[in-house]
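Right, one structure below, let's go through it.
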Amino acid sequence: MKKITELIHHPYTPPAGFASPAVPVHKGSTVYFDNVAQMRSRSWLDRSGYTYGLHGTPTSFTLEERIATVEGGTHTMLVSSGLAAVTMVDMALLKSGDQVLLPSNVYNPNKTFTTNELAAWGVTHAVYDAMDAASLAAAITPQTKLVWLEAPGSVTLEFPDLRALIGVVRERAPQAVIALDNTWGAGIAFDAFSLGIDVTIHALTKYPSGGADVLMGSVTCRDDALYRTLALSRSRVGHGVGINDVELVLRALPSMALRYAAQDAAGRAFASWCQARRQFVRVLHPALAGSPGHEHWASHCTAAAGLVTVEVDPRFKTAQTDAFVDALKLFRIGYSWAGPTSLVVPYDPKAIRGGSSPYRGTLIRFCIGLEDVNDLIADAERALRVLAA
Ligand SMILES: *Cc1c(COP(=O)(O)O)cnc(C)c1O
């Protein structure tokens, strides 16, 4: 059964006589116990019972089960944002003296947490080239306990050879856990767990929410012992989610695959249009032949998210590329993606990748929304006139 069907027919037992598709909003900090014995014996950890709102309500347990379905895992834990999901995995799995490995094109806040909090706690890190398995092999030490993967990389969208990277870690660092930031693939473009990933994180803020109105993240795994480690750490740190937000994500989930497909189709049409503009010297989109890692995307994926990054001809100065971005009307300037509105953000390639960046011109990341793609192309075409000279 396809995930879209499975999500719509996902198990849920309504109260007798009220069979409705909607999952009710169960809120509560306090949960009553009938007696002390019941209080002592109930377990939130195996989800056999409710103990305290922070540890889950019937509504949040239902969303956790559905996100596990989306991700292809068995255990999901909700947290307050995608970034909180990243830091929850780090905090649960790393201690002083351990090393964590990050790809060079990692989601930048993952790196800043690593170079600030993790460094202060005595956790070291190394950065590897996501497009070169030998670079990952060279970075591994006996202290390597966690390896982050991202597919594709943030902003520059290079798609790595995930099978090769996972193979290197299994061979050289059997002690390490492999974590994937699965926000771009969203559980739709490829199946992370069948490739051998141990833990996925997902910014539910993006596709699962789809409304640009919720911040939430998830951590998913398959292994029971790993689940215990992650869930106990999550409970000690005190991560929780608002149940009204959980309700919004539950409501948006059945349409996620349709929204993903629509933004995929529009993203590819927009990327092809960008390829024919002489103001753009490079178009980065993993489904586009010639884009870095396209062959790996083709061997791992059946779909792509609606993100397109262009490298503007380096002869245009920052003030000119800023003027182009400012001239866009349908593409709004703002962070995040996968909502109804198309978004745009310019990046200085040196600021995000340092001196080793292969890109010299300004990078502009377009996030395709749910508008008609021909209207988006017309908007970009009109705004591009400021770069006509
Ligand atoms: C947005 C995003 C995050 C963080 O999600 P927030 O909910 O905004 O904290 C993490 N990873 C990737 C790849 C993202 O795009």
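Just remember, in the structure tokens the first chain shown is A, the second B, etc., residues are 1-based per chain, and ligands are 1-based in the order shown.
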Determine which residues of stretch 113-214 of chain A DSSP labels as alpha helix (DSSP H) from the backbone of this structure, then write them out as a list in words. Phe113, Ala119, Ala120, Ala133, Ala134, Ser135, Leu136, Ala137, Ala138, Ala139, Leu162, Arg163, Ala164, Leu165, Ile166, Gly167, Val168, Val169, Arg170, Glu171, Arg172, Ala192, Phe193, Ser194 and Leu195 of chain A
Now that the selection is made, can you save its residues with N, CA, C and O atoms as a tab-separated table (two decimals), in the first residue's frame?
```tsv
chain	number	residue	atom	x	y	z
A	113	PHE	N	25.55	24.43	16.66
A	113	PHE	CA	25.36	23.74	17.94
A	113	PHE	C	26.61	22.90	18.26
A	113	PHE	O	27.07	22.86	19.41
A	119	ALA	N	31.12	21.54	21.67
A	119	ALA	CA	32.54	21.79	21.93
A	119	ALA	C	32.76	22.12	23.40
A	119	ALA	O	33.70	21.63	24.03
A	120	ALA	N	31.86	22.93	23.98
A	120	ALA	CA	32.00	23.31	25.39
A	120	ALA	C	31.85	22.09	26.30
A	120	ALA	O	32.39	22.08	27.41
A	133	ALA	N	33.39	9.75	-0.38
A	133	ALA	CA	33.37	8.76	0.70
A	133	ALA	C	34.74	8.61	1.34
A	133	ALA	O	34.85	8.32	2.54
A	134	ALA	N	35.82	8.83	0.56
A	134	ALA	CA	37.18	8.71	1.11
A	134	ALA	C	37.41	9.79	2.17
A	134	ALA	O	38.13	9.58	3.16
A	135	SER	N	36.82	10.96	1.97
A	135	SER	CA	36.96	12.04	2.94
A	135	SER	C	36.26	11.67	4.26
A	135	SER	O	36.78	11.95	5.35
A	136	LEU	N	35.13	10.98	4.16
A	136	LEU	CA	34.45	10.50	5.38
A	136	LEU	C	35.32	9.44	6.06
A	136	LEU	O	35.54	9.49	7.28
A	137	ALA	N	35.87	8.51	5.28
A	137	ALA	CA	36.72	7.45	5.84
A	137	ALA	C	37.90	8.07	6.58
A	137	ALA	O	38.25	7.62	7.69
A	138	ALA	N	38.49	9.12	6.01
A	138	ALA	CA	39.68	9.74	6.62
A	138	ALA	C	39.34	10.47	7.90
A	138	ALA	O	40.21	10.65	8.76
A	139	ALA	N	38.10	10.90	8.06
A	139	ALA	CA	37.72	11.68	9.26
A	139	ALA	C	37.39	10.78	10.45
A	139	ALA	O	37.36	11.24	11.59
A	162	LEU	N	24.60	7.99	-0.68
A	162	LEU	CA	24.28	7.55	0.69
A	162	LEU	C	24.77	6.13	0.96
A	162	LEU	O	25.32	5.83	2.01
A	163	ARG	N	24.59	5.22	-0.03
A	163	ARG	CA	25.00	3.82	0.20
A	163	ARG	C	26.50	3.74	0.47
A	163	ARG	O	26.94	3.02	1.37
A	164	ALA	N	27.29	4.52	-0.29
A	164	ALA	CA	28.74	4.49	-0.10
A	164	ALA	C	29.11	5.06	1.27
A	164	ALA	O	29.95	4.50	1.98
A	165	LEU	N	28.49	6.17	1.67
A	165	LEU	CA	28.81	6.80	2.96
A	165	LEU	C	28.43	5.85	4.11
A	165	LEU	O	29.20	5.67	5.06
A	166	ILE	N	27.27	5.23	4.02
A	166	ILE	CA	26.82	4.31	5.07
A	166	ILE	C	27.78	3.12	5.13
A	166	ILE	O	28.19	2.68	6.21
A	167	GLY	N	28.21	2.63	3.96
A	167	GLY	CA	29.14	1.50	3.90
A	167	GLY	C	30.46	1.82	4.60
A	167	GLY	O	31.00	0.98	5.35
A	168	VAL	N	30.97	3.03	4.40
A	168	VAL	CA	32.23	3.45	5.03
A	168	VAL	C	32.08	3.45	6.55
A	168	VAL	O	32.95	2.96	7.28
A	169	VAL	N	30.96	3.99	7.05
A	169	VAL	CA	30.77	4.06	8.51
A	169	VAL	C	30.65	2.65	9.09
A	169	VAL	O	31.27	2.33	10.12
A	170	ARG	N	29.90	1.77	8.44
A	170	ARG	CA	29.72	0.41	8.96
A	170	ARG	C	31.05	-0.34	9.02
A	170	ARG	O	31.30	-1.11	9.94
A	171	GLU	N	31.90	-0.07	8.02
A	171	GLU	CA	33.17	-0.79	7.96
A	171	GLU	C	34.19	-0.22	8.94
A	171	GLU	O	34.88	-0.96	9.64
A	172	ARG	N	34.27	1.12	9.01
A	172	ARG	CA	35.36	1.75	9.78
A	172	ARG	C	34.95	2.19	11.17
A	172	ARG	O	35.81	2.46	12.00
A	192	ALA	N	14.87	5.90	3.91
A	192	ALA	CA	16.13	6.02	4.64
A	192	ALA	C	16.48	4.73	5.38
A	192	ALA	O	17.64	4.30	5.37
A	193	PHE	N	15.50	4.11	6.03
A	193	PHE	CA	15.84	2.96	6.88
A	193	PHE	C	16.25	1.75	6.06
A	193	PHE	O	17.10	0.97	6.48
A	194	SER	N	15.68	1.61	4.85
A	194	SER	CA	16.08	0.45	4.05
A	194	SER	C	17.51	0.62	3.55
A	194	SER	O	18.17	-0.36	3.19
A	195	LEU	N	18.02	1.85	3.55
A	195	LEU	CA	19.43	2.07	3.16
A	195	LEU	C	20.39	1.75	4.31
A	195	LEU	O	21.59	1.68	4.10
```
As a ChimeraX atom specification, please: every protein or nucleic acid residue near ligand 1 (cut-off 10 Å, counting only C-alpha atoms and all ligand atoms). /A:79-86,106-110,150-155,180-186,201-207,214-218,335-338
Restrict the selected residues to N, CA and C atoms and save them as a CSV table (one decimal), in the first residue's frame.
```csv
chain,number,residue,atom,x,y,z
A,79,VAL,N,9.4,16.6,19.1
A,79,VAL,CA,10.1,17.7,19.8
A,79,VAL,C,9.6,19.1,19.2
A,80,SER,N,10.1,20.2,19.8
A,80,SER,CA,9.5,21.5,19.5
A,80,SER,C,9.9,22.1,18.1
A,81,SER,N,10.9,21.6,17.5
A,81,SER,CA,11.3,22.1,16.2
A,81,SER,C,12.2,21.1,15.5
A,82,GLY,N,12.5,21.3,14.2
A,82,GLY,CA,13.5,20.4,13.5
A,82,GLY,C,14.9,20.5,14.1
A,83,LEU,N,15.2,21.8,14.5
A,83,LEU,CA,16.6,21.9,15.1
A,83,LEU,C,16.6,21.2,16.5
A,84,ALA,N,15.5,21.3,17.2
A,84,ALA,CA,15.5,20.6,18.5
A,84,ALA,C,15.7,19.1,18.3
A,85,ALA,N,15.2,18.6,17.2
A,85,ALA,CA,15.4,17.1,16.9
A,85,ALA,C,16.9,16.8,16.7
A,86,VAL,N,17.6,17.7,16.0
A,86,VAL,CA,19.0,17.5,15.7
A,86,VAL,C,19.7,17.5,17.1
A,106,VAL,N,26.2,20.7,5.6
A,106,VAL,CA,25.1,20.4,6.6
A,106,VAL,C,24.3,21.6,6.8
A,107,TYR,N,23.0,21.4,7.3
A,107,TYR,CA,22.1,22.5,7.8
A,107,TYR,C,22.9,23.3,8.8
A,108,ASN,N,23.1,24.5,8.5
A,108,ASN,CA,24.1,25.3,9.3
A,108,ASN,C,23.9,25.3,10.8
A,109,PRO,N,22.7,25.4,11.3
A,109,PRO,CA,22.5,25.4,12.8
A,109,PRO,C,22.9,24.1,13.4
A,110,ASN,N,23.0,23.0,12.7
A,110,ASN,CA,23.5,21.8,13.2
A,110,ASN,C,25.0,22.0,13.6
A,150,GLU,N,23.1,14.2,5.3
A,150,GLU,CA,22.1,15.1,4.8
A,150,GLU,C,21.9,14.8,3.3
A,151,ALA,N,20.7,14.7,2.8
A,151,ALA,CA,20.5,14.4,1.4
A,151,ALA,C,19.3,15.0,0.9
A,152,PRO,N,19.5,16.1,0.0
A,152,PRO,CA,20.8,16.6,-0.4
A,152,PRO,C,21.3,17.6,0.6
A,153,GLY,N,22.5,18.2,0.4
A,153,GLY,CA,23.1,19.2,1.3
A,153,GLY,C,22.2,20.4,1.3
A,154,SER,N,22.4,21.2,2.4
A,154,SER,CA,21.6,22.4,2.6
A,154,SER,C,22.1,23.5,1.6
A,155,VAL,N,21.1,24.1,1.0
A,155,VAL,CA,21.3,25.3,0.1
A,155,VAL,C,21.9,24.8,-1.3
A,180,LEU,N,20.4,10.7,9.9
A,180,LEU,CA,20.1,11.5,8.6
A,180,LEU,C,19.1,12.6,8.9
A,181,ASP,N,19.4,13.8,8.4
A,181,ASP,CA,18.4,14.8,8.4
A,181,ASP,C,17.5,14.5,7.2
A,182,ASN,N,16.3,14.1,7.4
A,182,ASN,CA,15.4,13.6,6.3
A,182,ASN,C,14.4,14.6,5.9
A,183,THR,N,14.6,15.9,6.2
A,183,THR,CA,13.6,16.9,5.9
A,183,THR,C,13.3,17.0,4.4
A,184,TRP,N,14.3,17.0,3.6
A,184,TRP,CA,14.1,17.2,2.2
A,184,TRP,C,13.4,16.0,1.6
A,185,GLY,N,13.8,14.8,1.9
A,185,GLY,CA,13.1,13.6,1.4
A,185,GLY,C,11.8,13.4,2.0
A,186,ALA,N,11.6,13.8,3.2
A,186,ALA,CA,10.3,13.8,3.9
A,186,ALA,C,9.7,12.4,4.0
A,201,ILE,N,15.9,12.4,11.5
A,201,ILE,CA,15.2,13.6,12.1
A,201,ILE,C,14.4,14.2,11.0
A,202,HIS,N,13.3,14.9,11.3
A,202,HIS,CA,12.5,15.5,10.3
A,202,HIS,C,11.9,16.8,10.8
A,203,ALA,N,12.2,17.9,10.1
A,203,ALA,CA,11.6,19.2,10.5
A,203,ALA,C,10.1,19.1,10.0
A,204,LEU,N,9.2,18.7,10.9
A,204,LEU,CA,7.8,18.6,10.6
A,204,LEU,C,7.2,20.0,10.2
A,205,THR,N,8.0,21.0,10.6
A,205,THR,CA,7.7,22.4,10.2
A,205,THR,C,7.5,22.5,8.7
A,206,LYS,N,8.2,21.7,7.9
A,206,LYS,CA,8.2,21.8,6.4
A,206,LYS,C,7.0,21.0,5.9
A,207,TYR,N,7.3,19.9,5.2
A,207,TYR,CA,6.2,19.2,4.5
A,207,TYR,C,5.0,18.7,5.4
A,214,VAL,N,3.5,26.1,11.8
A,214,VAL,CA,3.8,25.2,12.9
A,214,VAL,C,5.3,25.0,12.9
A,215,LEU,N,5.9,25.0,14.1
A,215,LEU,CA,7.3,24.5,14.3
A,215,LEU,C,7.2,23.2,15.1
A,216,MET,N,7.8,22.2,14.5
A,216,MET,CA,7.8,20.9,15.2
A,216,MET,C,8.9,20.0,14.5
A,217,GLY,N,9.4,19.1,15.3
A,217,GLY,CA,10.4,18.2,14.8
A,217,GLY,C,10.1,16.8,15.3
A,218,SER,N,10.8,15.8,14.6
A,218,SER,CA,10.6,14.4,15.0
A,218,SER,C,12.0,13.7,14.9
A,335,TYR,N,12.6,32.6,5.5
A,335,TYR,CA,13.2,31.2,5.7
A,335,TYR,C,12.1,30.2,5.8
A,336,SER,N,12.5,28.9,5.8
A,336,SER,CA,11.7,27.7,5.8
A,336,SER,C,11.2,27.4,4.4
A,337,TRP,N,10.4,26.4,4.2
A,337,TRP,CA,9.8,26.0,2.9
A,337,TRP,C,8.7,25.0,3.1
A,338,ALA,N,8.2,24.6,2.0
A,338,ALA,CA,7.1,23.5,1.9
A,338,ALA,C,5.7,24.1,2.3
```
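Backbone DSSP over stretch 45-88 of chain A gives strand (DSSP E or B) for Tyr52, His75, Thr76, Met77, Leu78 and Val79 of chain A.
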Suppose we keep C-alpha atoms; can you now write the selection as an mmCIF file, in the first residue's frame?
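Just written: part39.cif:
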```
data_model
loop_
_atom_site.group_PDB
_atom_site.id
_atom_site.type_symbol
_atom_site.label_atom_id
_atom_site.label_comp_id
_atom_site.auth_asym_id
_atom_site.auth_seq_id
_atom_site.Cartn_x
_atom_site.Cartn_y
_atom_site.Cartn_z
ATOM 1 C CA TYR A 52 2.109 13.151 32.430
ATOM 2 C CA HIS A 75 9.514 4.612 17.082
ATOM 3 C CA THR A 76 9.006 8.372 16.692
ATOM 4 C CA MET A 77 9.518 11.109 19.294
ATOM 5 C CA LEU A 78 8.143 14.611 18.789
ATOM 6 C CA VAL A 79 10.080 17.728 19.794
#
```
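The two atoms in question, atom CA of A:Arg332 and atom CA of A:Ser272, are spaced 20.8 Å apart.
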Non-local contacts of A:Pro292 (8 Å; only C-alpha atoms; under 5 positions in same chain excluded) as a PyMOL selection string: chain A and resi 157-159+284+286
